[in-house]
Protein chains: 4
Amino acid sequence: MNLFEKLEETKVFRDPVHTYINIEYKIIWDLINTFEFQRLRRISHLGGTKMVFASSEHSRFMHCLGTYEIARKIINSVEDVRKNTTEEDRLVLMIAGLLHDIGHGPFSHCFESFYQYSHEWYTERIILEDSDIHDVLVKYQENLPLLVAGVINGTHKNPLLKQLISSQIDADRMDYLLRDAHFSGTPYGYFDADRLLRVMRVRNNKIVYKNTGINCIENYALGRFHMYGQVYYHPVSLGYEILITMFLQRMKDLYLDNYKFNFVVEEIEPFFLDKPCEVREYVKLDDSIVFYYLMRSLKEKDEILKDLAYRILNRKLFKEYEITYEEEINKHRDILLKSDYNPRYYFYIDETIRNIYKKYGYCDDGSINILFPNGEIKELSEASIVVSSLANNNSFKKTVVYYPDLKGE
Amino acid sequence: MNLFEKLEETKVFRDPVHTYINIEYKIIWDLINTFEFQRLRRISHLGGTKMVFASSEHSRFMHCLGTYEIARKIINSVEDVRKNTTEEDRLVLMIAGLLHDIGHGPFSHCFESFYQYSHEWYTERIILEDSDIHDVLVKYQENLPLLVAGVINGTHKNPLLKQLISSQIDADRMDYLLRDAHFSGTPYGYFDADRLLRVMRVRNNKIVYKNTGINCIENYALGRFHMYGQVYYHPVSLGYEILITMFLQRMKDLYLDNYKFNFVVEEIEPFFLDKPCEVREYVKLDDSIVFYYLMRSLKEKDEILKDLAYRILNRKLFKEYEITYEEEINKHRDILLKSDYNPRYYFYIDETIRNIYKKYGYCDDGSINILFPNGEIKELSEASIVVSSLANNNSFKKTVVYYPDLKGE
Amino acid sequence: MNLFEKLEETKVFRDPVHTYINIEYKIIWDLINTFEFQRLRRISHLGGTKMVFASSEHSRFMHCLGTYEIARKIINSVEDVRKNTTEEDRLVLMIAGLLHDIGHGPFSHCFESFYQYSHEWYTERIILEDSDIHDVLVKYQENLPLLVAGVINGTHKNPLLKQLISSQIDADRMDYLLRDAHFSGTPYGYFDADRLLRVMRVRNNKIVYKNTGINCIENYALGRFHMYGQVYYHPVSLGYEILITMFLQRMKDLYLDNYKFNFVVEEIEPFFLDKPCEVREYVKLDDSIVFYYLMRSLKEKDEILKDLAYRILNRKLFKEYEITYEEEINKHRDILLKSDYNPRYYFYIDETIRNIYKKYGYCDDGSINILFPNGEIKELSEASIVVSSLANNNSFKKTVVYYPDLKGE
Amino acid sequence: MNLFEKLEETKVFRDPVHTYINIEYKIIWDLINTFEFQRLRRISHLGGTKMVFASSEHSRFMHCLGTYEIARKIINSVEDVRKNTTEEDRLVLMIAGLLHDIGHGPFSHCFESFYQYSHEWYTERIILEDSDIHDVLVKYQENLPLLVAGVINGTHKNPLLKQLISSQIDADRMDYLLRDAHFSGTPYGYFDADRLLRVMRVRNNKIVYKNTGINCIENYALGRFHMYGQVYYHPVSLGYEILITMFLQRMKDLYLDNYKFNFVVEEIEPFFLDKPCEVREYVKLDDSIVFYYLMRSLKEKDEILKDLAYRILNRKLFKEYEITYEEEINKHRDILLKSDYNPRYYFYIDETIRNIYKKYGYCDDGSINILFPNGEIKELSEASIVVSSLANNNSFKKTVVYYPDLKGE
């Protein structure tokens with residue numbers, strides 16, 4: 001089939017964030033209608049965050065469509081990007097935007113803490129190996145899986161594509177900041193995406209931004225910084241994900257101990273054995289299966305498993321204590337040790353570091369570069385006093401310990 | 001405990017629809033933190049609709065909070081409502097708003113087609129019988145479950161409460177129109193809720209609206225009308241729910257035929273046997289369990305069950321055909337009968353009727369009544385030429401048949 | 001100069017309604033920077049309306065840019081319009097959108113009540129005669145003034161252009177409904193403009209709309225209907241314009257009576273003599289001059305002039321009385337006649353008729369036509385039950401008399 | 001009359017920024033309907049800014065209503081403010097919010113450069129001396145003018161009132177940031193005003209903010225900082241105001257030189273003579289009179305006056321040159337001196353300094369103070385790493401010279 005074949009009529013998804021998501025190419029439509037892509041409807045975008053920002057119930061399905069849409073807009077409106085890409089590059093970029101999160105499993109962060117295979121690893125395998133998505137890609141062009149995976153893993157020969165999908169300002173981050181800000185009802189993440197695209201240029205195979213847009217970029221950087229502080233790293237949000245991790249850890253320990261569950265666990269076995277899943281099996285996993293395990297665990301005889309499930313489903317989270325001095329950790333641990341709770345499942349130390357901006361040399365892909373009227377290019381932290389003032393500051397580090405509220409319960 | 005005890009500080013949920021949902025009373029906070037209420041996070045508000053309007057991924061949890069918030073706003077801002085209610089009435093109203101959908105199961109409409117116990121029936125039982133919610137209610141006041149259930153089933157002695165929760169303009173409808181419009185990205189459902197509250201008055205124990213707000217009410221009525229036409233009764237949306245119904249029907253037939261499933265089905269047995277569930281068991285059901293059944297069914301040996309699951313998870317819906325003349329239905333049935341598909345699971349006739357407004361006499365609860373400066377009260381279809389022109393029209397009826405696309409597959 | 005010359009970089013105006021207004025062609029930029037176009041910044045878009053909807057303080061400048069932007073979007077996104085227009089046609093259309101209101105004077109409706117030269121007449125003269133705008137147009141192409149005026153007066157040989165600027169759904173109306181709704185803070189005028197453009201097609205040199213967009217068109221028609229009822233024809237809004245008209249009438253009467261004003265009146269003389277102004281003089285008029293007359297009139301010796309100025313500047317409007325029966329008018333007139341007020345300046349009868357939709361035959365330009373999948377085209381009131389129900393109703397007529405509040409003052 | 005008398009029904013102004021502005025007290029309604037307050041409709045809120053952000057056409061009328069509304073919201077929703085104010089204090093605060101800008105003249109900044117009487121000085125006089133506003137105030141309570149003026153000039157005995165109207169976070173700034181951001185179409189100024197009010201507390205007669213709202217305050221401070229950089233100090237915006245100043249300077253020089261204007265100039269004489277106006281005369285001035293002078297000046301024989309008027313009305317602004325080194329100023333001056341332009345009217349040096357936050361000791365009114373759970377209060381730049389990083393930076397200073405574009409014209 002012809003890679004560049006268009007649909008008879010543009011199809012659209014309505015979207016409160018981008019108003020409309022526009023599907024022009026047949027291959028994009030075919031990819032959306034695969035089993036693996038439809039599955040993203042059942043993977044929450046923000047795992048624990050909806051325990052705090054209850055309205056952020058959106059899925060990875062919408063985020064992937066949104067990332068695709070931003071990639072499409074860049075391609076259609078940024079003249080310099082058009083000039084520095086082939087027609088194939090552009091379609092590959094849109095596909096990579098669409099598929100960049102296809103390997104996410106349910107509560108990925110929770111699984112990844114005791115499992116060596118990351119969601120990025122599964123993303124590549126789904127594209128390159130046996131899947132409906134792979135079938136669609138090769139039907140249009142034999143080497144398409146390699147090209148798309150190449151954008152995601154950074155091996156594609158046109159370096160612009162990688163930058164547009166994965167750098168400090170990219171289609172992925174732009175969509176998720178706007179989307180999470182919108183759905184959570186917090187205004188922090190908003191920034192002027194239209195203007196960002198207007199000042200985007202290409203110099204020496206690098207994405208740069210005209211200096212007239214520097215306020216807009218400062219706004220974006222601060223927005224991201226605040227979203228991490230207020231939303232993504234909210235202690236209640238992390239506390240929920242910690243409980244899920246503890247629940248899975250307990251399931252694993254029981255499984256390895258030959259415990260008999262009152263429900264089928266074959267889908268999750270590879271994770272407990274730290275073995276790769278078959279792609280066709282992996283993509284059957286979604287948030288529902290974890291919730292099913294939780295619901296069934298309410299009837300389990302193992303008290304720890306049952307209690308952790310009960311806590312998750314009833315939002316009886318651990319209490320969190322922010323740590324100022326290292327030694328406080330031990331003080332908290334001692335308190336817990338005096339109770340009946342097993343610290344393996346009931347005590348957790350979490351450390352988060354927020355950066356407003358990570359400075360790289362001009363040649364690294366991740367840095368943000370500013371183009372001045374005289375043609376000079378400066379790295380953002382040199383060009384923006386706001387960013388440099390904040391980037392030099394190392395104090396945005398936070399340690400929190402989590403364990404059950406021993407008095408309040 | 002004291003029914004009217006306030007929280008030390010007002011707690012809030014951010015919400016893109018109402019900006020903030022404000023929790024002032026301790027009992028409201030306690031109810032939200034029950035197992036049964038938290039479960040609503042896992043019940044989609046618009047079952048099949050997200051197959052068309054993909055971003056409408058919000059849950060009944062947010063809708064119930066939103067209904068509560070509108071009830072709260074009415075109580076705080078409509079002087080006439082304050083004057084005609086006791087403090088107890090007002091708290092009961094807010095609780096009824098919060099709990100009005102507590103009995104919804106996963107894909108309720110689908111279950112209700114072959115089951116005699118409706119979600120309304122379960123709502124009452126959860127409030128009146130053995131549940132965390134019931135426990136919270138009685139802890140504050142012995143007869144509170146009866147009072148709250150009375151608002152929902154229309155037996156409460158203050159008739160205003162029922163009208164504010166269930167009539168043609170009520171807190172429930174106001175929230176879901178605004179919410180579904182917002183999340184689906186369709187502007188049709190918007191109306192000026194603030195203004196509606198400003199013109200709300202009470203006369204003879206009836207909610208009436210000042211005639212200066214008549215445009216606002218016309219807007220509301222037309223918005224509702226368009227939401228039904230464009231969103232709720234969208235053929236793809238209905239088509240998805242039909243597939244779920246067919247899948248459940250096949251499960252039931254197999255179950256009654258002693259088929260051995262490759263997964264535990266005890267949670268769904270009462271539905272297949274048309275028996276009431278225990279309340280404590282019923283509230284373990286959520287959307288996840290249905291998705292789990294679907295995922296496991298992909299590996300079942302029964303070809304029909306497997307195919308229906310595959311269709312649902314892959315969004316391979318039936319094709320829909322709008323019917324103009326009765327006889328067309330038979331024509332379509334004949335086409336299907338010539339194929340290998342079993343019509344019991346692969347042929348469905350759906351009929352929908354939309355009304356812009358249902359006229360009742362002034363004494364019925366559901367009618368909308370308009371108050372004129374001279375004190376006269378007219379029923380909406382007499383007061384509004386726009387509504388009467390449309391209400392007299394009986395043509396908004398639609399019949400659609402659904403079955404697999406025999407050519408396209 | 002080359003008519004199709006583009007600016008080096010697209011210039012933009014930020015706009016809360018369309019987000020950005022994009023200027024790509026040099027001629028558009030040059031037209032915006034003329035004296036006549038800049039003057040529109042000083043002509044209020046909604047004369048009296050801001051006395052009721054105080055935040056609707058936007059000017060004709062923004063409305064004209066917005067009309068241009070919608071014309072530009074139609075050209076860029078509606079394939080059928082591209083196919084049925086030449087490059088010249090398209091540029092002429094955008095220019096006509098930009099300039100369609102260029103002839104508006106301050107409070108045009110007020111002047112037009114005692115003056116035979118309408119703002120449409122001045123629009124044509126500004127384009128065709130001695131003005132900076134005319135100079136810009138001929139600099140690019142000799143016959144351009146004729147082509148642009150042809151679109152506005154309906155003589156251009158491509159009938160599509162006229163329809164897109166002036167019909168029941170056109171760039172002008174689309175912009176003003178969205179803009180006035182936004183700035184007045186009333187939600188009634190919103191409709192889904194993006195979707196309208198998506199379903200726009202051309203058949204037999206007519207703009208038609210695919211039937212899948214019929215709800216969207218109903219929404220638009222009802223929105224327009226409600227905006228007239230709630231905003232444009234609001235009695236306070238009309239009452240303010242009536243006062244301005246009365247003030248100008250008194251000025252005229254005094255002028256013709258050789259009254260000596262305490263300020264220069266040469267700019268307004270042609271209006272009092274019902275003579276055409278020179279174009280270069282006409283375009284010096286803006287809202288400021290009327291406010292200057294009003295301010296100076298506070299010190300005039302003529303009591304009527306002074307009183308009317310005082311009323312306008314202090315928002316001491318006449319009181320309005322809606323009339324049900326013809327004879328009530330005389331009753332009100334009698335009341336006024338018994339006071340000291342001169343009815344020539346202090347009594348006004350206003351009649352407004354609202355239509356949801358004006359039905360024309362399919363061949364007239366103004367009708368809205370719906371395209372069905374089988375190729376059939378139906379006029380809107382045949383295709384939409386909602387519109388036909390309302391269009392047949394003749395009752396949206398209203399008569400109001402205005403005069404000073406004799407008791408309240 | 002009773003100061004606390006309420007209107008029979010709450011009156012509202014719709015407003016895109018606050019949705020509704022609510023008027024509950026009779027005195028507020030009476031003040032809005034004075035000549036002096038209605039005049040604010042004819043004073044643009046952002047003088048030169050609309051030359052860049054064309055849609056920011058809103059007036060001081062809406063800003064004053066908005067400031068009142070925020071004061072009203074603080075009073076109604078911040079418990080600590082209620083506790084620390086009397087009923088009289090609260091009404092005085094709302095009135096002070098409403099009237100805080102009543103003394104603004106047309107293009108105040110332009111006038112203030114050659115005139116010793118500031119708009120603040122006139123605000124006090126309008127409240128304290130002969131005006132409709134003064135009349136309304138004393139009608140309700142004899143000492144009310146003194147109380148209201150006391151809030152504005154900082155002499156009122158309750159120090160909270162001054163802080164709520166004039167400090168680094170106050171009702172005035174909150175409204176103008178939100179309003180200017182909204183109308184200009186720039187997202188920079190948005191912040192979460194609702195949340196700011198939720199975390200507002202009073203300690204030792206000072207407004208403080210709970211530390212949980214610190215992100216929100218950082219957002220506010222950065223938003224303000226960006227609004228100054230992008231909107232208020234935009235070179236085109238300043239360039240327009242410089243032209244107005246130059247025009248007024250030329251008028252003044254001509255006037256003092258006994259030049260005969262072709263129009264009445266009595267209204268502006270006091271400004272040229274640097275004498276106070278009578279209050280009743282001062283309040284006749286609005287933007288219209290300046291535009292009238294400009295329009296008439298197009299026909300003046302003085303070439304400089306005529307040219308400056310032409311430039312303003314045609315948006316032919318001076319060109320701006322940002323200065324890096326002091327000596328560049330002389331280089332630019334030399335260039336101008338070689339032309340025929342008189343530098344008194346055609347050369348201008350502008351210096352702007354932006355601060356993210358001005359640090360005061362805890363006892364000064366203007367500082368922002370943060371309340372920690374242990375009761376400790378820290379000044380913002382100690383509590384926020386983001387603010388301290390930026391506040392220590394002195395580099396946000398900018399010098400720009402303006403003069404005609406000698407090549408481009």
# chains A, B, ... in the order shown; residues from 1 in each chain; ligands from 1

$ residues_around --residues "region 291-307 of chain B" --least-positions-apart "6" --cutoff "10 Å" --atoms "only C-alpha atoms" --output "PyMOL selection string"
(chain A and resi 42+264+267+284-293) or (chain B and resi 106+244+246-251+254+259-265+313+316+341-342+345-346)

$ interface_residues --of "chain D" --to "chain C" --cutoff "8 Å" --atoms "only C-alpha atoms" --output "ChimeraX atom specification"
/D:13-16,19,33-35,38-39,52-55,57-59,62,182-186,263-264,284,287-289,291-292,295,313-315

$ closest_residue --among "D:Ser167, D:Thr123, D:Asn22, D:Ser77" --to "Asp194 (chain B)" --atoms "only C-alpha atoms"
D:Asn22

$ residues_around --residues "Tyr402 (chain A)" --least-positions-apart "2" --cutoff "8 Å" --atoms "only C-alpha atoms" --output "PyMOL selection string"
chain A and resi 239+318-321+346-350+400+404

$ select_by_dssp --residues "region 264-319 of chain A" --states "helix (DSSP H, G or I)" --output "VMD selection string"
chain A and resid 266 to 272 279 to 282 287 to 297 303 to 314

$ write_last_selection --atoms "C-alpha atoms" --output "short mmCIF file (atom, residue, chain, number, x, y, z; two decimals), in the first residue's frame"
data_model
loop_
_atom_site.label_atom_id
_atom_site.label_comp_id
_atom_site.auth_asym_id
_atom_site.auth_seq_id
_atom_site.Cartn_x
_atom_site.Cartn_y
_atom_site.Cartn_z
CA GLU A 266 -0.87 -16.26 34.52
CA GLU A 267 -0.80 -12.78 32.94
CA ILE A 268 1.44 -11.38 35.63
CA GLU A 269 3.81 -14.35 36.04
CA PRO A 270 6.56 -13.03 33.73
CA PHE A 271 6.81 -9.89 35.85
CA PHE A 272 7.29 -11.95 38.98
CA VAL A 279 4.35 -9.13 22.85
CA ARG A 280 0.90 -10.60 22.10
CA GLU A 281 0.50 -11.41 25.80
CA TYR A 282 1.95 -8.17 27.11
CA ASP A 287 -5.36 -1.12 34.32
CA SER A 288 -8.41 -3.40 34.59
CA ILE A 289 -6.37 -6.46 35.38
CA VAL A 290 -4.72 -4.76 38.34
CA PHE A 291 -8.08 -3.60 39.63
CA TYR A 292 -9.40 -7.13 39.17
CA TYR A 293 -6.51 -8.50 41.26
CA LEU A 294 -7.25 -5.90 43.91
CA MET A 295 -10.93 -6.72 44.04
CA ARG A 296 -10.27 -10.47 44.29
CA SER A 297 -7.60 -9.86 46.93
CA GLU A 303 -3.74 -10.55 55.62
CA ILE A 304 -1.08 -8.28 54.13
CA LEU A 305 -2.30 -8.68 50.56
CA LYS A 306 -5.86 -8.15 51.67
CA ASP A 307 -4.99 -5.09 53.73
CA LEU A 308 -3.00 -3.47 50.93
CA ALA A 309 -5.84 -4.08 48.46
CA TYR A 310 -8.31 -2.66 50.92
CA ARG A 311 -6.18 0.45 51.41
CA ILE A 312 -5.89 1.07 47.67
CA LEU A 313 -9.57 0.59 46.91
CA ASN A 314 -10.65 2.64 49.92
#

$ residues_around --residues "Asn369 (chain B)" --least-positions-apart "6" --cutoff "6 Å" --atoms "only C-alpha atoms" --output "list in words"
Val208, Lys378, Glu379 and Leu380 of chain B

$ write_last_selection --atoms "C-alpha atoms" --output "PDB file, in the first residue's frame"
ATOM      1  CA  VAL B 208     -40.265  28.082  39.260  1.00  0.00           C
ATOM      2  CA  LYS B 378     -47.156  29.279  33.229  1.00  0.00           C
ATOM      3  CA  GLU B 379     -45.865  25.923  32.214  1.00  0.00           C
ATOM      4  CA  LEU B 380     -42.808  26.267  29.942  1.00  0.00           C
TER       5      LEU B 380
END

$ atom_distance --atom1 "CA of Asn258 (chain D)" --atom2 "CA of Ser108 (chain D)"
24.8 Å

$ select_by_dssp --residues "region 12-211 of chain D" --states "strand (DSSP E)" --output "list of chain:residue names"
D:Val12, D:Phe13, D:Arg14, D:Asp15, D:Thr19, D:Tyr20, D:Ile21, D:Asn22, D:Ile23, D:Glu24, D:Tyr25, D:Met200, D:Arg201, D:Val202, D:Arg203, D:Lys206, D:Ile207, D:Val208, D:Tyr209, D:Lys210

$ closest_residue --among "B:Leu164, B:Glu142, B:His119, B:Lys157" --to "Lys73 (chain B)" --atoms "only C-alpha atoms"
B:Leu164

$ residues_around --residues "Leu390 (chain D)" --least-positions-apart "5" --cutoff "8 Å" --atoms "only C-alpha atoms" --output "ChimeraX atom specification"
/A:386,389-390 /D:356

$ residues_around --residues "Gly97 (chain C)" --least-positions-apart "5" --cutoff "9 Å" --atoms "only C-alpha atoms" --output "VMD selection string"
chain C and resid 64 to 72 92 152 164 to 165 171 to 172

$ write_last_selection --atoms "N, CA, C and O atoms" --output "compact mmCIF listing (two decimals), in the first residue's frame"
# COMPACT_ATOMS: atom_id res chain seq x y z
N CYS C 64 -13.34 43.55 12.06
CA CYS C 64 -12.94 43.48 10.65
C CYS C 64 -11.76 42.53 10.49
O CYS C 64 -11.71 41.73 9.55
N LEU C 65 -10.81 42.57 11.42
CA LEU C 65 -9.72 41.60 11.39
C LEU C 65 -10.26 40.17 11.54
O LEU C 65 -9.82 39.25 10.86
N GLY C 66 -11.24 40.01 12.42
CA GLY C 66 -11.82 38.68 12.65
C GLY C 66 -12.55 38.16 11.42
O GLY C 66 -12.50 36.97 11.11
N THR C 67 -13.26 39.03 10.73
CA THR C 67 -13.97 38.63 9.52
C THR C 67 -12.97 38.19 8.45
O THR C 67 -13.14 37.16 7.79
N TYR C 68 -11.90 38.99 8.33
CA TYR C 68 -10.81 38.61 7.43
C TYR C 68 -10.27 37.23 7.79
O TYR C 68 -10.06 36.37 6.94
N GLU C 69 -10.05 36.98 9.10
CA GLU C 69 -9.45 35.72 9.53
C GLU C 69 -10.35 34.52 9.19
O GLU C 69 -9.87 33.48 8.75
N ILE C 70 -11.66 34.70 9.35
CA ILE C 70 -12.55 33.60 8.99
C ILE C 70 -12.52 33.37 7.48
O ILE C 70 -12.49 32.23 7.02
N ALA C 71 -12.51 34.46 6.71
CA ALA C 71 -12.41 34.31 5.25
C ALA C 71 -11.12 33.55 4.90
O ALA C 71 -11.11 32.63 4.08
N ARG C 72 -10.03 33.90 5.58
CA ARG C 72 -8.74 33.24 5.34
C ARG C 72 -8.81 31.76 5.68
O ARG C 72 -8.30 30.90 4.96
N VAL C 92 -9.06 38.65 -3.17
CA VAL C 92 -10.15 39.64 -3.19
C VAL C 92 -11.15 39.34 -2.05
O VAL C 92 -11.63 40.25 -1.38
N ILE C 152 -18.64 43.12 -2.28
CA ILE C 152 -19.49 43.69 -1.25
C ILE C 152 -20.88 44.05 -1.79
O ILE C 152 -21.89 43.79 -1.13
N LEU C 164 -19.92 34.24 0.78
CA LEU C 164 -19.02 34.01 1.91
C LEU C 164 -18.88 35.26 2.77
O LEU C 164 -18.45 35.19 3.92
N ILE C 165 -19.24 36.41 2.21
CA ILE C 165 -19.14 37.67 2.96
C ILE C 165 -20.51 38.15 3.43
O ILE C 165 -20.65 38.82 4.43
N ALA C 171 -18.72 35.01 6.79
CA ALA C 171 -17.57 35.32 7.64
C ALA C 171 -17.91 36.48 8.58
O ALA C 171 -17.50 36.48 9.75
N ASP C 172 -18.66 37.44 8.11
CA ASP C 172 -19.07 38.60 8.92
C ASP C 172 -19.90 38.14 10.13
O ASP C 172 -19.56 38.39 11.28

$ residues_around --residues "Ala383 (chain B)" --least-positions-apart "2" --cutoff "12 Å" --atoms "only C-alpha atoms" --output "JSON, numbers by chain"
{"B": [209, 210, 211, 212, 213, 214, 215, 217, 218, 359, 368, 369, 370, 371, 372, 376, 377, 378, 379, 380, 381, 385, 386, 387, 388, 389]}

$ write_last_selection --atoms "N, CA and C atoms" --output "mmCIF file, in the first residue's frame"
data_model
loop_
_atom_site.group_PDB
_atom_site.id
_atom_site.type_symbol
_atom_site.label_atom_id
_atom_site.label_comp_id
_atom_site.auth_asym_id
_atom_site.auth_seq_id
_atom_site.Cartn_x
_atom_site.Cartn_y
_atom_site.Cartn_z
ATOM 1 N N TYR B 209 -39.152 29.492 37.636
ATOM 2 C CA TYR B 209 -38.077 30.356 37.127
ATOM 3 C C TYR B 209 -38.664 31.674 36.661
ATOM 4 N N LYS B 210 -38.027 32.761 37.065
ATOM 5 C CA LYS B 210 -38.493 34.077 36.631
ATOM 6 C C LYS B 210 -38.458 34.183 35.103
ATOM 7 N N ASN B 211 -39.433 34.846 34.530
ATOM 8 C CA ASN B 211 -39.542 34.879 33.066
ATOM 9 C C ASN B 211 -38.357 35.577 32.399
ATOM 10 N N THR B 212 -37.612 36.391 33.157
ATOM 11 C CA THR B 212 -36.441 37.029 32.543
ATOM 12 C C THR B 212 -35.362 36.010 32.173
ATOM 13 N N GLY B 213 -35.488 34.806 32.698
ATOM 14 C CA GLY B 213 -34.486 33.788 32.387
ATOM 15 C C GLY B 213 -34.954 32.816 31.314
ATOM 16 N N ILE B 214 -35.997 33.190 30.599
ATOM 17 C CA ILE B 214 -36.581 32.206 29.682
ATOM 18 C C ILE B 214 -35.640 31.829 28.539
ATOM 19 N N ASN B 215 -34.848 32.783 28.065
ATOM 20 C CA ASN B 215 -33.875 32.449 27.011
ATOM 21 C C ASN B 215 -32.871 31.430 27.516
ATOM 22 N N ILE B 217 -33.397 29.172 29.741
ATOM 23 C CA ILE B 217 -34.046 27.858 29.822
ATOM 24 C C ILE B 217 -34.226 27.252 28.438
ATOM 25 N N GLU B 218 -34.570 28.086 27.466
ATOM 26 C CA GLU B 218 -34.641 27.588 26.086
ATOM 27 C C GLU B 218 -33.294 27.015 25.665
ATOM 28 N N LYS B 359 -44.158 17.900 28.448
ATOM 29 C CA LYS B 359 -45.122 18.753 29.119
ATOM 30 C C LYS B 359 -45.927 17.961 30.147
ATOM 31 N N ILE B 368 -41.446 22.300 33.860
ATOM 32 C CA ILE B 368 -40.708 23.521 34.148
ATOM 33 C C ILE B 368 -41.723 24.656 34.158
ATOM 34 N N ASN B 369 -41.687 25.467 35.199
ATOM 35 C CA ASN B 369 -42.700 26.498 35.336
ATOM 36 C C ASN B 369 -42.071 27.882 35.403
ATOM 37 N N ILE B 370 -42.735 28.824 34.742
ATOM 38 C CA ILE B 370 -42.195 30.167 34.570
ATOM 39 C C ILE B 370 -43.054 31.158 35.362
ATOM 40 N N LEU B 371 -42.366 31.993 36.108
ATOM 41 C CA LEU B 371 -43.032 32.973 36.957
ATOM 42 C C LEU B 371 -43.004 34.350 36.302
ATOM 43 N N PHE B 372 -44.178 34.947 36.122
ATOM 44 C CA PHE B 372 -44.252 36.273 35.504
ATOM 45 C C PHE B 372 -44.348 37.364 36.574
ATOM 46 N N GLU B 376 -48.248 35.420 37.985
ATOM 47 C CA GLU B 376 -48.800 34.296 37.240
ATOM 48 C C GLU B 376 -47.709 33.253 36.950
ATOM 49 N N ILE B 377 -48.090 31.992 36.958
ATOM 50 C CA ILE B 377 -47.145 30.917 36.639
ATOM 51 C C ILE B 377 -47.645 30.167 35.425
ATOM 52 N N LYS B 378 -46.776 30.046 34.415
ATOM 53 C CA LYS B 378 -47.156 29.279 33.229
ATOM 54 C C LYS B 378 -46.171 28.148 33.041
ATOM 55 N N GLU B 379 -46.699 27.070 32.531
ATOM 56 C CA GLU B 379 -45.865 25.923 32.214
ATOM 57 C C GLU B 379 -45.014 26.324 30.992
ATOM 58 N N LEU B 380 -43.771 25.794 30.931
ATOM 59 C CA LEU B 380 -42.808 26.267 29.942
ATOM 60 C C LEU B 380 -43.340 26.283 28.518
ATOM 61 N N SER B 381 -44.034 25.246 28.110
ATOM 62 C CA SER B 381 -44.437 25.201 26.703
ATOM 63 C C SER B 381 -45.530 26.224 26.403
ATOM 64 N N ILE B 385 -42.345 30.339 23.116
ATOM 65 C CA ILE B 385 -42.726 29.978 21.756
ATOM 66 C C ILE B 385 -41.723 28.996 21.169
ATOM 67 N N VAL B 386 -40.460 29.191 21.512
ATOM 68 C CA VAL B 386 -39.431 28.283 20.996
ATOM 69 C C VAL B 386 -39.712 26.845 21.431
ATOM 70 N N VAL B 387 -39.963 26.677 22.705
ATOM 71 C CA VAL B 387 -40.196 25.324 23.205
ATOM 72 C C VAL B 387 -41.512 24.757 22.674
ATOM 73 N N SER B 388 -42.546 25.572 22.651
ATOM 74 C CA SER B 388 -43.827 25.020 22.195
ATOM 75 C C SER B 388 -43.755 24.624 20.724
ATOM 76 N N SER B 389 -43.055 25.425 19.906
ATOM 77 C CA SER B 389 -42.923 25.072 18.492
ATOM 78 C C SER B 389 -42.283 23.704 18.344
#

$ atom_distance --atom1 "CA of Phe191 (chain D)" --atom2 "CA of Gln230 (chain A)"
14.0 Å

$ atom_distance --atom1 "CA of Leu99 (chain D)" --atom2 "CA of Lys162 (chain D)"
13.3 Å
